[in-house]
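A short write-up of the structure that comes next.
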Amino acid sequence: MLTHRKLAEILICIAFILHSCIYEFNAKTANYENYLVIYGMITTENGPHEITIRKTYSLVNNVSGLVVGAKVSLSDDKGNTIPLTEDSISKYYTPKTFAGQVGTKYKLNIELQEGKQYESEYVELLDVPGISELSAEYITKLATATTYADEGYQFYISTDPGNSEQKYLKWEIIEDAEYHMEYIYYAYWDGQFITDVNISNKCYIQSHLTNISIATTDNFQTNCLSNYPFCFSPKSWKLKYGYGINVRQYALSPFSYNFWKGALENNNPDPINSKQTYQITGNFKCISNPNEPVYGIFEASAIKAKSIEVKNLFYGINVLRDIPVCKYARVASISTEDLRGWYPGYVGVPESPSPTWMGYVLMTDKKCIFCENSGGTSIRPDYWKINNQ
């Protein structure tokens, strides 16, 4: 199950921006704290599906903005109600067995501990066209008035033709990158005996891109995208050994598309071409107090996914990952005689030893040995081909 935590964080940031702008115009009377910021999406995949509920707050006050103990449920236009559980702070989840149905309309219901009630509008779960092709090209982006020139991979997407209602799309992009631990280990020394080990220094890390990626075919002659540039990955350590992205495609209603378009315009870093910040209206309302603002959006869509692995990687400068400082002891060999008297640990050699390097290293810090302790995993992404085959 892939969450939308990053999108929820973006919504909270948008709410902060809106509050600060309004606050400056009416500093003595306006108070834009303690309003809900909600984001959630249900799909045709099995759950759990995540709903994030936070509150706006002033950075000068000692408050967290977390929402705990709320009663949250999902109802549909067929009379069914599905209760959600609070599995972590400000996170509420549908059952694992729940999967949305295309064409069914869903509504989110929220009751806070203090009794306030909120609900979304009914949202129809839309079907979505498939992704016909993903491609990538290493390019140099030219400098603009507000950005520097940059190198990296430009990704392009092509979609299958959609019906007349499938004109608006959103993408969730998950990137996978390979990195290498600094040392290769051959044996474990327990203080008495040496045991051969098979610990690969190849690791993989996954992260969600925080960019809001949307597109529309509203003004196209055909209701599909062809070689559409939708994602750019600048050169970094991620492009040294292995890199790829997994793209999850969602359908948007015209309302949802305009909501995310407004979010992009409010967060435009270009001061020359950006618009004045304006309030974005979501699809939630406070039943207890209709005049109370509620920020965020509830969505429902089927999912189509596709992945691509980059083959021609970048080996230039600025490709180093922040790696932990690893303390080690130098030993002459992997033998009981040379290791006797040393503390237990793993024995190996640097992946890239210097010409003057002699001998082995003995190390105990797990974050310098195991992928899982360094923030990654030893499991290669399923869609990556082995040995370029």
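Within each chain, counting starts at residue 1; across the structure tokens, chains are named A, B, ... in the order shown, with ligands numbered 1 upward in that order.
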
Using only C-alpha atoms, find each residue in region 160-229 of chain A having at least one atom no more than 6 Å away from region 233-244 of chain A; report its shortest atom-to-atom pair and that distance in Å (one decimal), rows by chain then rising number, as JSON lines.
```
{"residue": "A:Glu175", "atom": "CA", "partner": "A:Gly244", "partner_atom": "CA", "distance": 5.8}
{"residue": "A:Asp176", "atom": "CA", "partner": "A:Gly244", "partner_atom": "CA", "distance": 5.3}
{"residue": "A:Ala177", "atom": "CA", "partner": "A:Tyr243", "partner_atom": "CA", "distance": 4.5}
{"residue": "A:Glu178", "atom": "CA", "partner": "A:Gly242", "partner_atom": "CA", "distance": 4.9}
```

Subject >> Close residues, region 359-373 of chain A itself excluded, 7 Å, only C-alpha atoms, min 4 positions apart in chain, as a list in words >> reply: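 Once the adjacent positions are removed, what remains is Met181, Cys203, Pro324, Cys326, Lys327, Tyr328, Ala329, Arg330, Val331, Ala332, Ser333, Gly345, Tyr346, Val347, Gly348, Val349, Thr377 and Ser378 of chain A.
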
Write out as a short mmCIF file (atom, residue, chain, number, x, y, z; two decimals) with C-alpha atoms, in the first residue's frame each polymer residue whose atoms come within 10 Å of Gln117 (chain A), counting only C-alpha atoms; drop sequence neighbours fewer than 4 positions from it.
```cif
data_model
loop_
_atom_site.label_atom_id
_atom_site.label_comp_id
_atom_site.auth_asym_id
_atom_site.auth_seq_id
_atom_site.Cartn_x
_atom_site.Cartn_y
_atom_site.Cartn_z
CA ALA A 70 -11.49 11.20 15.70
CA LYS A 71 -14.31 8.98 14.45
CA VAL A 72 -13.79 8.55 10.72
CA ASN A 109 -17.27 11.47 7.40
CA ILE A 110 -15.28 12.86 10.35
CA GLU A 111 -16.27 13.58 13.94
CA LEU A 112 -13.62 15.10 16.23
CA GLN A 113 -13.31 14.39 19.94
CA LYS A 285 -17.35 21.22 4.78
CA CYS A 286 -17.97 21.57 8.49
CA ILE A 287 -21.51 20.43 9.28
CA SER A 288 -21.36 21.91 12.77
CA ASN A 289 -20.36 25.34 11.48
#
```

Subject >> Close residues, region 167-170 of chain A itself excluded, 7 Å, only C-alpha atoms, min 3 positions apart in chain, as a list in words >> reply: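 What passes the distance filter is Ser164, Ser213, Ile214, Ala215, Thr216, Thr217, Asp218, Asn223, Gln249, Tyr250, Ala251, Leu252, Ser253, Pro254 and Tyr257 of chain A.
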
Original post:
Closest to Ile157 (chain A) among A:Leu84, A:Ile308, A:Leu126, A:Ala300, using only C-alpha atoms?
Top reply: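 Among A:Leu84, A:Ile308, A:Leu126, A:Ala300, it is A:Ile308 that comes nearest to Ile157 (chain A).
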
Original post:
Can you tell me, as a list in words, what residues are no more than 8 Å from Lys107 (chain A) when counting only C-alpha atoms, ignoring any on the same chain fewer than 5 positions away?
Top reply: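 My list of contacting residues is Leu74, Ser75, Asp76, Glu119, Ser120, Glu121, Tyr122 and Val123 of chain A.
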